[in-house]
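What follows is the content of query.pdb (PDB, C-alpha atoms).
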ATOM      1  CA  MET A  30     -46.826  52.578  35.550
ATOM      2  CA  THR A  31     -45.862  49.441  33.701
ATOM      3  CA  HIS A  32     -48.359  49.590  30.828
ATOM      4  CA  PRO A  33     -46.491  49.522  27.487
ATOM      5  CA  ARG A  34     -47.799  53.015  26.646
ATOM      6  CA  TYR A  35     -46.165  54.543  29.708
ATOM      7  CA  ARG A  36     -42.953  52.601  29.361
ATOM      8  CA  ALA A  37     -42.695  53.871  25.787
ATOM      9  CA  MET A  38     -43.578  57.389  26.955
ATOM     10  CA  GLU A  39     -40.835  57.313  29.559
ATOM     11  CA  ALA A  40     -38.276  56.138  27.014
ATOM     12  CA  HIS A  41     -39.368  58.795  24.506
ATOM     13  CA  PHE A  42     -39.236  61.660  26.996
ATOM     14  CA  ASP A  43     -35.950  60.489  28.534
ATOM     15  CA  ARG A  44     -34.249  61.275  25.233
ATOM     16  CA  GLY A  45     -34.773  64.967  25.974
ATOM     17  CA  GLY A  46     -33.605  65.003  29.590
ATOM     18  CA  PRO A  47     -35.382  64.771  32.958
ATOM     19  CA  TRP A  48     -38.413  66.866  32.071
ATOM     20  CA  GLY A  49     -40.765  64.062  31.094
ATOM     21  CA  ARG A  50     -40.298  62.404  34.473
ATOM     22  CA  VAL A  51     -40.791  65.736  36.245
ATOM     23  CA  MET A  52     -44.034  66.267  34.312
ATOM     24  CA  MET A  53     -45.420  62.796  35.023
ATOM     25  CA  ARG A  54     -44.439  62.685  38.676
ATOM     26  CA  GLY A  55     -44.441  66.246  39.937
ATOM     27  CA  THR A  56     -47.005  68.438  38.151
ATOM     28  CA  ALA A  57     -50.770  68.883  38.302
ATOM     29  CA  ALA A  58     -53.293  70.907  36.338
ATOM     30  CA  VAL A  59     -56.850  72.128  36.042
ATOM     31  CA  GLN A  60     -58.113  70.841  32.700
ATOM     32  CA  ILE A  61     -61.193  72.493  31.212
ATOM     33  CA  SER A  62     -63.297  71.011  28.415
ATOM     34  CA  LEU A  63     -65.511  73.405  26.446
ATOM     35  CA  ASP A  64     -67.677  73.155  23.349
ATOM     36  CA  ALA A  65     -65.699  73.368  20.120
ATOM     37  CA  GLY A  66     -68.364  75.430  18.332
ATOM     38  CA  ASP A  67     -70.225  74.949  15.089
ATOM     39  CA  ASP A  68     -69.489  75.677  11.436
ATOM     40  CA  SER A  69     -70.831  79.237  11.533
ATOM     41  CA  ASP A  70     -68.853  82.454  11.445
ATOM     42  CA  GLY A  71     -68.574  84.577  14.567
ATOM     43  CA  PRO A  72     -68.337  83.744  18.283
ATOM     44  CA  ARG A  73     -70.130  80.386  18.035
ATOM     45  CA  GLY A  74     -68.023  79.149  15.132
ATOM     46  CA  TYR A  75     -65.185  76.713  15.707
ATOM     47  CA  ARG A  76     -62.670  78.926  13.868
ATOM     48  CA  TYR A  77     -63.317  81.848  16.191
ATOM     49  CA  ARG A  78     -63.367  79.670  19.315
ATOM     50  CA  TRP A  79     -60.114  77.941  18.315
ATOM     51  CA  ARG A  80     -58.360  81.276  17.864
ATOM     52  CA  LEU A  81     -59.804  82.760  21.039
ATOM     53  CA  ALA A  82     -58.928  79.704  23.143
ATOM     54  CA  HIS A  83     -55.305  80.025  22.022
ATOM     55  CA  ARG A  84     -55.262  83.785  22.558
ATOM     56  CA  LEU A  85     -56.543  83.179  26.084
ATOM     57  CA  GLY A  86     -53.824  80.598  26.713
ATOM     58  CA  PRO A  87     -51.160  83.036  27.999
ATOM     59  CA  VAL A  88     -53.850  84.901  29.965
ATOM     60  CA  LEU A  89     -54.902  81.722  31.762
ATOM     61  CA  ILE A  90     -51.310  80.625  32.352
ATOM     62  CA  ALA A  91     -50.414  83.993  33.864
ATOM     63  CA  ALA A  92     -53.550  84.470  35.950
ATOM     64  CA  PHE A  93     -53.403  81.004  37.522
ATOM     65  CA  ALA A  94     -49.642  80.366  37.688
ATOM     66  CA  ASN A  95     -49.145  78.363  40.865
ATOM     67  CA  SER A  96     -45.970  76.279  40.617
ATOM     68  CA  PRO A  97     -42.938  78.467  41.405
ATOM     69  CA  LEU A  98     -41.090  75.854  43.466
ATOM     70  CA  TRP A  99     -39.400  72.534  42.853
ATOM     71  CA  ARG A 100     -38.530  70.517  45.944
ATOM     72  CA  GLY A 101     -39.065  73.610  48.040
ATOM     73  CA  ARG A 102     -36.777  75.911  46.070
ATOM     74  CA  LYS A 103     -37.476  78.599  43.497
ATOM     75  CA  THR A 104     -37.330  77.730  39.825
ATOM     76  CA  GLY A 105     -37.563  81.286  38.493
ATOM     77  CA  TRP A 106     -40.927  80.510  36.874
ATOM     78  CA  GLY A 107     -44.393  81.387  38.135
ATOM     79  CA  SER A 108     -45.640  78.273  36.337
ATOM     80  CA  SER A 109     -42.820  75.737  36.479
ATOM     81  CA  ARG A 110     -45.285  73.245  35.057
ATOM     82  CA  GLN A 111     -45.383  75.221  31.808
ATOM     83  CA  ALA A 112     -41.594  75.438  31.766
ATOM     84  CA  VAL A 113     -41.496  71.651  32.007
ATOM     85  CA  TRP A 114     -44.013  71.175  29.186
ATOM     86  CA  ARG A 115     -41.976  73.505  26.954
ATOM     87  CA  ARG A 116     -38.938  71.253  27.371
ATOM     88  CA  ILE A 117     -40.452  67.799  26.880
ATOM     89  CA  ASP A 118     -41.137  67.446  23.145
ATOM     90  CA  PRO A 119     -42.259  70.607  21.341
ATOM     91  CA  THR A 120     -43.675  68.571  18.457
ATOM     92  CA  ARG A 121     -46.451  67.401  20.785
ATOM     93  CA  THR A 122     -46.620  70.056  23.544
ATOM     94  CA  SER A 123     -46.390  73.387  21.709
ATOM     95  CA  ALA A 124     -49.376  75.152  20.177
ATOM     96  CA  PRO A 125     -50.239  74.350  16.525
ATOM     97  CA  GLY A 126     -49.667  76.942  13.846
ATOM     98  CA  GLY A 127     -52.125  79.740  13.242
ATOM     99  CA  GLY A 128     -53.359  78.973   9.746
ATOM    100  CA  PRO A 129     -56.772  80.174   8.553
ATOM    101  CA  ASP A 130     -58.480  76.794   9.096
ATOM    102  CA  PRO A 131     -57.918  75.028  12.438
ATOM    103  CA  ARG A 132     -58.597  71.683  10.795
ATOM    104  CA  ASP A 133     -55.597  72.080   8.493
ATOM    105  CA  ALA A 134     -53.404  73.401  11.320
ATOM    106  CA  TRP A 135     -54.313  70.468  13.551
ATOM    107  CA  ALA A 136     -53.821  67.916  10.775
ATOM    108  CA  ASP A 137     -50.324  69.236  10.027
ATOM    109  CA  TYR A 138     -49.484  69.309  13.735
ATOM    110  CA  ALA A 139     -50.609  65.718  14.252
ATOM    111  CA  LEU A 140     -48.777  64.412  11.191
ATOM    112  CA  ASP A 141     -45.537  66.193  12.105
ATOM    113  CA  ALA A 142     -45.516  65.136  15.761
ATOM    114  CA  GLN A 143     -43.049  62.412  16.663
ATOM    115  CA  LEU A 144     -44.439  58.974  17.375
ATOM    116  CA  LEU A 145     -44.473  58.372  21.106
ATOM    117  CA  CYS A 146     -45.277  54.688  20.761
ATOM    118  CA  VAL A 147     -46.229  52.010  18.259
ATOM    119  CA  ARG A 148     -48.635  49.401  19.552
ATOM    120  CA  ARG A 149     -47.584  45.808  18.983
ATOM    121  CA  ASP A 150     -49.940  42.951  19.725
ATOM    122  CA  GLY A 151     -48.518  40.542  22.269
ATOM    123  CA  SER A 152     -45.483  42.695  22.996
ATOM    124  CA  ALA A 153     -44.624  44.823  26.019
ATOM    125  CA  ASP A 154     -42.324  46.938  23.850
ATOM    126  CA  TRP A 155     -44.235  49.792  22.228
ATOM    127  CA  SER A 156     -41.216  52.061  21.810
ATOM    128  CA  ALA A 157     -41.013  54.135  18.630
ATOM    129  CA  PRO A 158     -37.879  54.920  16.601
ATOM    130  CA  ARG A 159     -36.256  58.221  17.543
ATOM    131  CA  GLY A 160     -37.494  61.206  15.533
ATOM    132  CA  LEU A 161     -40.078  59.303  13.508
ATOM    133  CA  THR A 162     -43.211  61.343  12.778
ATOM    134  CA  PHE A 163     -46.612  59.987  11.893
ATOM    135  CA  ARG A 164     -46.230  61.588   8.468
ATOM    136  CA  SER A 165     -43.022  59.621   7.900
ATOM    137  CA  TRP A 166     -44.687  56.402   8.978
ATOM    138  CA  LEU A 167     -47.635  57.145   6.699
ATOM    139  CA  THR A 168     -45.374  57.778   3.704
ATOM    140  CA  GLY A 169     -43.365  54.590   3.985
ATOM    141  CA  ALA A 170     -40.938  54.635   6.896
ATOM    142  CA  ARG A 171     -40.458  51.074   8.113
ATOM    143  CA  VAL A 172     -41.816  50.391  11.601
ATOM    144  CA  GLY A 173     -42.644  46.736  11.094
ATOM    145  CA  ARG A 174     -46.040  47.405   9.540
ATOM    146  CA  PRO A 175     -47.917  50.231   7.824
ATOM    147  CA  PRO A 176     -50.217  52.427   9.944
ATOM    148  CA  VAL A 177     -53.991  52.041   9.980
ATOM    149  CA  LEU A 178     -56.689  54.534  10.978
ATOM    150  CA  ASP A 179     -56.736  53.186  14.521
ATOM    151  CA  ASP A 180     -53.031  54.056  14.834
ATOM    152  CA  LEU A 181     -53.760  57.669  13.895
ATOM    153  CA  GLU A 182     -56.604  57.871  16.398
ATOM    154  CA  TYR A 183     -54.334  56.506  19.119
ATOM    155  CA  HIS A 184     -51.527  58.873  18.107
ATOM    156  CA  LEU A 185     -53.879  61.808  18.688
ATOM    157  CA  THR A 186     -54.260  60.734  22.335
ATOM    158  CA  THR A 187     -50.494  61.144  22.791
ATOM    159  CA  LEU A 188     -50.471  64.814  21.728
ATOM    160  CA  PHE A 189     -50.550  67.363  24.552
ATOM    161  CA  PRO A 190     -50.801  70.912  23.162
ATOM    162  CA  PRO A 191     -52.196  73.666  25.415
ATOM    163  CA  VAL A 192     -55.498  73.542  23.489
ATOM    164  CA  ARG A 193     -56.362  70.046  22.278
ATOM    165  CA  PRO A 194     -59.342  69.374  19.998
ATOM    166  CA  ARG A 195     -61.166  66.122  20.739
ATOM    167  CA  GLY A 196     -64.627  66.939  19.411
ATOM    168  CA  TRP A 197     -64.490  69.623  22.098
ATOM    169  CA  LEU A 198     -61.656  71.916  23.214
ATOM    170  CA  GLU A 199     -59.457  70.839  26.103
ATOM    171  CA  LEU A 200     -57.665  73.713  27.812
ATOM    172  CA  ARG A 201     -54.601  72.086  29.336
ATOM    173  CA  MET A 202     -52.390  75.035  30.317
ATOM    174  CA  ILE A 203     -53.699  75.930  33.787
ATOM    175  CA  ASP A 204     -51.832  75.016  36.983
ATOM    176  CA  ALA A 205     -53.661  73.184  39.756
ATOM    177  CA  GLN A 206     -55.083  75.655  42.278
ATOM    178  CA  PRO A 207     -55.229  75.617  46.083
ATOM    179  CA  GLY A 208     -58.428  74.439  47.755
ATOM    180  CA  ASP A 209     -61.556  75.483  45.881
ATOM    181  CA  GLY A 210     -59.570  77.934  43.751
ATOM    182  CA  TRP A 211     -59.935  75.643  40.766
ATOM    183  CA  LEU A 212     -63.535  76.885  40.388
ATOM    184  CA  ILE A 213     -62.370  80.291  39.138
ATOM    185  CA  ALA A 214     -60.522  79.058  36.060
ATOM    186  CA  PRO A 215     -63.411  77.191  34.372
ATOM    187  CA  ALA A 216     -65.795  80.022  35.253
ATOM    188  CA  LEU A 217     -63.520  82.565  33.581
ATOM    189  CA  ALA A 218     -62.777  80.417  30.533
ATOM    190  CA  ALA A 219     -66.409  79.436  29.974
ATOM    191  CA  VAL A 220     -67.706  82.996  30.195
ATOM    192  CA  LEU A 221     -65.018  84.397  27.904
ATOM    193  CA  LEU A 222     -65.680  81.760  25.253
ATOM    194  CA  ASP A 223     -69.463  81.458  25.532
ATOM    195  CA  ASP A 224     -70.700  85.014  26.111
ATOM    196  CA  PRO A 225     -70.500  86.874  22.745
ATOM    197  CA  VAL A 226     -69.825  90.298  24.276
ATOM    198  CA  ALA A 227     -67.202  88.960  26.662
ATOM    199  CA  ALA A 228     -65.637  86.926  23.854
ATOM    200  CA  ASP A 229     -65.215  89.991  21.662
ATOM    201  CA  ALA A 230     -63.767  91.961  24.586
ATOM    202  CA  ALA A 231     -61.296  89.144  25.330
ATOM    203  CA  TYR A 232     -60.357  88.890  21.666
ATOM    204  CA  ALA A 233     -59.604  92.619  21.584
ATOM    205  CA  ALA A 234     -57.721  92.483  24.894
ATOM    206  CA  THR A 235     -55.396  89.758  23.595
ATOM    207  CA  GLU A 236     -54.713  91.488  20.273
ATOM    208  CA  PRO A 237     -51.515  93.184  21.559
ATOM    209  CA  LEU A 238     -50.130  89.776  22.568
ATOM    210  CA  CYS A 239     -50.319  88.523  18.981
ATOM    211  CA  GLY A 240     -48.648  91.337  17.056
ATOM    212  CA  ASP A 241     -49.009  90.577  13.344
ATOM    213  CA  LEU A 242     -50.009  86.964  14.004
ATOM    214  CA  ALA A 243     -53.421  85.392  14.529
ATOM    215  CA  LEU A 244     -52.237  83.602  17.671
ATOM    216  CA  PRO A 245     -49.711  84.507  20.385
ATOM    217  CA  PRO A 246     -46.121  83.572  19.465
ATOM    218  CA  PRO A 247     -44.143  81.129  21.662
ATOM    219  CA  GLU A 248     -42.297  83.865  23.521
ATOM    220  CA  VAL A 249     -45.591  85.270  24.855
ATOM    221  CA  TRP A 250     -46.518  81.862  26.277
ATOM    222  CA  ALA A 251     -43.072  81.748  27.906
ATOM    223  CA  ARG A 252     -43.389  85.239  29.413
ATOM    224  CA  ALA A 253     -46.787  84.347  30.823
ATOM    225  CA  ALA A 254     -45.358  81.254  32.498
ATOM    226  CA  LYS A 255     -42.313  83.051  33.825
ATOM    227  CA  LEU A 256     -43.703  86.407  34.950
ATOM    228  CA  GLY A 257     -47.462  85.940  35.261
ATOM    229  CA  PRO A 258     -49.505  89.167  35.494
ATOM    230  CA  ALA A 259     -46.365  91.066  36.496
ATOM    231  CA  ASP A 260     -45.555  91.258  32.785
ATOM    232  CA  PRO A 261     -47.058  94.640  31.760
ATOM    233  CA  ALA A 262     -48.666  93.571  28.471
ATOM    234  CA  ILE A 263     -49.881  90.216  29.738
ATOM    235  CA  GLY A 264     -51.086  91.701  33.015
ATOM    236  CA  LYS A 265     -53.133  94.288  31.123
ATOM    237  CA  ALA A 266     -54.758  91.546  29.037
ATOM    238  CA  VAL A 267     -55.476  89.469  32.159
ATOM    239  CA  ARG A 268     -57.195  92.399  33.891
ATOM    240  CA  ALA A 269     -59.239  93.222  30.790
ATOM    241  CA  CYS A 270     -60.391  89.598  30.499
ATOM    242  CA  PHE A 271     -61.447  89.478  34.144
ATOM    243  CA  ALA A 272     -63.339  92.751  33.672
ATOM    244  CA  ALA A 273     -65.123  91.328  30.611
ATOM    245  CA  ALA A 274     -66.056  88.193  32.557
ATOM    246  CA  ASP A 275     -67.329  90.277  35.465
ATOM    247  CA  ALA A 276     -69.598  92.300  33.183
ATOM    248  CA  ALA A 277     -70.985  89.131  31.599
ATOM    249  CA  LEU A 278     -71.605  87.492  34.970
ATOM    250  CA  ALA A 279     -73.318  90.642  36.238
ATOM    251  CA  ALA A 280     -75.664  90.555  33.244
ATOM    252  CA  SER A 281     -76.516  86.914  34.039
ATOM    253  CA  GLY A 282     -78.183  87.979  37.286
ATOM    254  CA  ASP A 283     -78.762  86.092  40.534
ATOM    255  CA  PRO A 284     -78.144  82.496  39.375
ATOM    256  CA  LEU A 285     -74.454  83.257  38.859
ATOM    257  CA  ALA A 286     -74.020  85.839  41.616
ATOM    258  CA  HIS A 287     -71.850  83.521  43.723
ATOM    259  CA  VAL A 288     -69.634  82.800  40.723
ATOM    260  CA  ARG A 289     -69.258  86.504  40.001
ATOM    261  CA  THR A 290     -68.282  87.120  43.624
ATOM    262  CA  ALA A 291     -65.620  84.406  43.525
ATOM    263  CA  VAL A 292     -64.167  85.646  40.224
ATOM    264  CA  ALA A 293     -64.165  89.275  41.439
ATOM    265  CA  GLU A 294     -62.447  88.363  44.706
ATOM    266  CA  PHE A 295     -59.759  86.469  42.805
ATOM    267  CA  ALA A 296     -59.281  89.411  40.417
ATOM    268  CA  ASP A 297     -58.893  91.836  43.304
ATOM    269  CA  ARG A 298     -56.440  89.623  45.162
ATOM    270  CA  TYR A 299     -54.256  88.727  42.192
ATOM    271  CA  PRO A 300     -54.470  90.339  38.686
ATOM    272  CA  GLU A 301     -55.359  93.810  39.946
ATOM    273  CA  ARG A 302     -52.169  93.727  42.014
ATOM    274  CA  GLY A 303     -49.996  92.159  39.334
ATOM    275  CA  ARG A 304     -49.943  88.904  41.269
ATOM    276  CA  CYS A 305     -50.902  85.260  40.837
ATOM    277  CA  PRO A 306     -51.233  82.325  43.278
ATOM    278  CA  ALA A 307     -47.531  81.538  42.802
ATOM    279  CA  ASP A 308     -46.694  84.741  44.662
ATOM    280  CA  ASP A 309     -48.369  83.381  47.785
ATOM    281  CA  LEU A 310     -46.047  80.369  47.741
ATOM    282  CA  LEU A 311     -42.996  82.568  47.244
ATOM    283  CA  THR A 312     -43.839  84.697  50.274
ATOM    284  CA  GLU A 313     -44.491  81.816  52.672
ATOM    285  CA  PRO A 314     -41.910  81.654  55.477
ATOM    286  CA  GLY A 315     -39.204  79.023  55.303
ATOM    287  CA  GLY A 316     -38.716  78.900  51.535
ATOM    288  CA  SER A 317     -35.194  78.943  50.138
ATOM    289  CA  PRO A 318     -34.323  81.943  47.942
ATOM    290  CA  ALA A 319     -31.893  79.842  45.915
ATOM    291  CA  THR A 320     -32.817  78.536  42.520
ATOM    292  CA  HIS A 321     -32.920  74.760  42.246
ATOM    293  CA  ALA A 322     -29.918  73.790  40.105
ATOM    294  CA  PRO A 323     -31.683  71.951  37.192
ATOM    295  CA  TRP A 324     -33.723  75.057  36.450
ATOM    296  CA  GLU A 325     -30.787  77.465  36.101
ATOM    297  CA  GLY A 326     -30.653  78.921  32.612
ATOM    298  CA  LEU A 327     -33.912  77.270  31.578
ATOM    299  CA  SER A 328     -35.715  79.302  28.909
TER
END

Show this structure as structure tokens.
Amino acid sequence: MTHPRYRAMEAHFDRGGPWGRVMMRGTAAVQISLDAGDDSDGPRGYRYRWRLAHRLGPVLIAAFANSPLWRGRKTGWGSSRQAVWRRIDPTRTSAPGGGPDPRDAWADYALDAQLLCVRRDGSADWSAPRGLTFRSWLTGARVGRPPVLDDLEYHLTTLFPPVRPRGWLELRMIDAQPGDGWLIAPALAAVLLDDPVAADAAYAATEPLCGDLALPPPEVWARAAKLGPADPAIGKAVRACFAAADAALAASGDPLAHVRTAVAEFADRYPERGRCPADDLLTEPGGSPATHAPWEGLS
């Protein structure tokens, strides 16, 4: 891709090693967009939905982990895609902080993220100075010109956290699935966020993953990507969330019967057995048991 944005992106990510190129050229995802909520308190409010979407992040990573191989060899991760995203540029790929108001948390995150590119009219070079954040640019760092509102809006399109607000919530943490398997992930996520009873059950189920925090800490996201539902605490939360979704789908009656069947079959095949789709790839004949060298020691 020769567009200035992608040339600048490549240069920015190359500063941190090979992981940006791996992400752009060798990973795929199921991306789900759901309503951000309103200004009310409770399950329909954006504060609740923001917290719940992040609490569900490790659950969705673990349940749908499906990238355990790189060039045919094991990486040691159920979701190698998540391992890659963790390594690229944490200022734009990690989850925002868990402050009381998502608007403040997102504003701080956006301002403190490094600039990936600076658009320049008539120039093919959009590269940004190393380590420069939007906050620094806004407060006087010299980049040739001061920023304008349009620069901030463009900067937001270069941020890739697991849950990205864009007037709605983008869930970006789920591996691509085989065949029609992608249908299960949006069904599960939509039910757990939109059905009030299921939402409360999912919120309670993810409480142990957060400890004293409002949102899961980084190490929980990492365990979900590495171990999937085989991790005891994460596996328990995954199974509880699938059970909550099943109950909500059952209450919806015949119109969603086929969705309930698909979600239940997935739950029986994977979470109930401490497995995820990645395990199918690891048990296929012909795979090498050796770990691919670049992934050794990756954490």

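Restricting the calculation to all atoms listed in the file, the smallest distance between Pro158 (chain A) and any of A:Lys103, A:Arg110, A:Arg171, A:Arg36 is found for A:Arg171.
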
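Proximity of A:Arg80, A:Arg164, A:Lys265, A:Arg44 to Ala136 (chain A), computed with all atoms listed in the file, is greatest for A:Arg164.
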
Query raised in the report: How far is it from CA of Tyr35 (chain A) to CA of Arg201 (chain A), in Å with one decimal?
Result: 19.5 Å

Contacts of region 242-325 of chain A with region 128-132 of chain A up to 12 Å, shortest pair per row, all atoms listed in the file, as JSON lines:
{"residue": "A:Leu242", "atom": "CA", "partner": "A:Gly128", "partner_atom": "CA", "distance": 9.7}
{"residue": "A:Ala243", "atom": "CA", "partner": "A:Gly128", "partner_atom": "CA", "distance": 8.0}
{"residue": "A:Leu244", "atom": "CA", "partner": "A:Gly128", "partner_atom": "CA", "distance": 9.2}

Requested in this report: Go through the shown structure with the PyMOL selection byres ((chain A and resi 145) around 12) and write out the matching residues as number ranges by chain.
Outcome: A: 33-44, 117-118, 120-121, 139, 141-144, 146-148, 154-163, 180-181, 183-189

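Going from CA of Lys255 (chain A) over to CA of Pro97 (chain A), you cover 8.9 Å.
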
Query raised in the report: Applied to this file, what does the PyMOL selection byres ((chain A and resi 200) around 8) return in terms of residues, put as a PyMOL selection string?
Result: chain A and resi 60-63+82+86+191-193+198-199+201-203
